[in-house]
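Asker: Here it is, the structure, as structure tokens.
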Amino acid sequence: MCEKSDNPAGINEVCPTAQTNSSDLNSVSTRVYKRRWIIVFLFSSYSLCNAFQWIQYGSINNIFMKFYDVTSFTIDWLSMIFMLTYIPFIFPVTWLLERKGLRVVALLAASINCAGTWIKVTSVQPGLFWVTMLGQFASAFAQVFILGMPSHIASVWFGSDEVSTACAIGVFGNQLGIAIGFLLPPVLVPNVDDMNELSHHIRIMFYITATVATVIFLLVVFVFQDKPEVPPSQSQASLRLTPVGQTSYLESIKRLMSNRAFIILLISYGLNVGCFYSVSTLLNRMIMEHYPGEEVNAGRIGLTLVIAGMVGSLISGIWLDKTKTYKQTTLAVYILSFVGMVVYSFTLNLGFLWVVFLTSGALGFFMTGYLPLGFEFAVELTYPESEGTSSGLLNCSAQIFGIMFTIIQGKIIDNFGTLAGNIFLCVFLFIGSILTAFIKSDLRRLKANHQSQTETNPFYGSTVPYCLFQESSSD
């Protein structure tokens, strides 16, 4: 029978099983470090900078159309390039994350993102649209190293009672970047007719972005760490006992794709987040159709949508850590996202901007608040598979649906108006709500943490992997 070991730190060690090396297990304890907050906030910073670039063109779509003399659909591709780039590159990036760890991925993300901002600084001439697209591609490539990381950072650095909150903070940075991307471009780049003046304003915006990206890159170089010396939770302690490279990445993908609950979540997550991508990309066009000349308010409406979503994300993360009601919360938020989209669709053309602000806030609170819920629910359903792999697949699904919805909704808006385009998204949110109801809630990570805290089998050779763990906090 396993017994607690006496140690002055008050950290109990795991006990051996017939399936695990005894000396390895007895050397493992759990501990959380205060520096974990620095790591997650630094990640949120470069995620913010990258997300700002995703929407900075779309939030003033009509102005960039005039400056580069291109169509609205061409400007839409400056947003959709983020979605398209993610799909082929997420698999090698996830493999790299598993083999090289968080620091290597963070360095690549921050450096490529920084390079993209400086490329765009050189593109501020009407005939250099291809250069701004090149810079946007670099930023889009950097996003591949960013988008699926919140759940992985949360699991690697945070204790089991705070992983959902940490994941929400990681998502928070991305959402704040989108919010700033809606707010600042209309302020920094006013809709003026003089091309020299317009290029001056665009250049200022690009220089500000490049300076911020450079500072963040330097902070990542000198501050960002791969993982804590001691694992923060029992589930992480278990994963550390598996040698790097022992589990085939392709085998992990196969196991995920044979997990029925995860497949349903994969589709439903893609539908919800794909709708958010489409609404965000086309928001300027929708507002301009009903409220001409309101570029600044269009940006503020986008800001309202995302800020409300940030609040929803944090509340969702804290709620999950307290209740562990993953399916119930995910389903409730999904249904409310559908309701919010319906209300937004039928009130957009009423002629009252305050109504649009209100409905956009409600829509954002639930639709954007769904992001960390999907990440954390996926980790629970797929443990002990890598969080980066499950999150990467979720985001890949979201990018595919995002491209499809943006193109199709854009065409519907051009031909039938904004109401028809928004109803198109409502249909798929309704389908996603139904799919979410059919997800079987098998919370594997939660079970692993509970198992490891209780001596459930006293006999040698038991398949129960751990004895009691107790977490302590340290600087």
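Chain labels A, B, ... are given in the sequence in which chains occur in the structure tokens; within each chain residues are numbered consecutively from 1, and ligands are likewise numbered from 1 in the order shown.
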Using only C-alpha atoms, determine which residues lie at most 6 Å from segment 224-235 of chain A, disregarding the query and same-chain residues fewer than 6 positions distant; provide the list as an MDAnalysis selection string.

Answerer: chainID A and resid 30:32 102:103 158:160 449

Asker: So that I can check the surroundings of segment 368-376 of chain A, please list as a list in words every protein, DNA and RNA residue that reaches within 8 Å of it, counting only C-alpha atoms and ignoring chain neighbours fewer than 6 positions away.

Answerer: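 Counting only the stated atoms, we get Ser151, Ser164, Cys167, Ala168, Val171, Gln175, Leu265, Tyr269, Val273, Phe276, Val306, Gly309, Met310, Val311, Gly312, Ser313, Leu314, Ser316, Gly317, Tyr326, Thr329, Thr330, Val333, Tyr334, Ser390, Ser391 and Leu394 of chain A.
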
Asker: Enter the distance from atom CA of Leu336 of chain A to atom CA of Leu435 of chain A, in Å, rounded to one decimal.

Answerer: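 If I compute the distance from atom CA of Leu336 of chain A to atom CA of Leu435 of chain A, I get 14.5 Å.
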
Asker: Excluding segment 341-343 of chain A and residues on its chain fewer than 6 positions from it, collect all residues at most 8 Å away from it, counting only C-alpha atoms, and give them as JSON, numbers by chain.

Answerer: {"A": [359, 363, 422, 423, 425, 426]}

Asker: Write the selection just made, keeping C-alpha atoms, as a PDB file, in the first residue's frame?

Answerer:
```
ATOM      1  CA  THR A 359     -27.407  43.522 -29.621  1.00  0.00           C
ATOM      2  CA  LEU A 363     -23.963  38.511 -29.303  1.00  0.00           C
ATOM      3  CA  ASN A 422     -27.185  36.889 -41.128  1.00  0.00           C
ATOM      4  CA  ILE A 423     -30.053  34.381 -41.312  1.00  0.00           C
ATOM      5  CA  LEU A 425     -25.368  32.157 -40.072  1.00  0.00           C
ATOM      6  CA  CYS A 426     -28.335  31.667 -37.723  1.00  0.00           C
TER       7      CYS A 426
END
```

Asker: Which residues come within 6 Å of Gly270 of chain A, counting only C-alpha atoms, excluding same-chain residues fewer than 2 positions away, as a short mmCIF file (atom, residue, chain, number, x, y, z; two decimals) with C-alpha atoms, in the first residue's frame?

Answerer:
```cif
data_model
loop_
_atom_site.label_atom_id
_atom_site.label_comp_id
_atom_site.auth_asym_id
_atom_site.auth_seq_id
_atom_site.Cartn_x
_atom_site.Cartn_y
_atom_site.Cartn_z
CA ILE A 267 -17.87 20.40 -35.94
CA SER A 268 -19.96 22.44 -33.51
CA ASN A 272 -19.75 28.79 -33.88
CA VAL A 273 -16.29 30.33 -34.27
CA GLY A 274 -16.63 30.32 -38.08
CA SER A 397 -12.25 23.45 -38.16
CA ALA A 398 -13.00 27.08 -37.27
CA PHE A 401 -15.92 27.18 -41.66
#
```
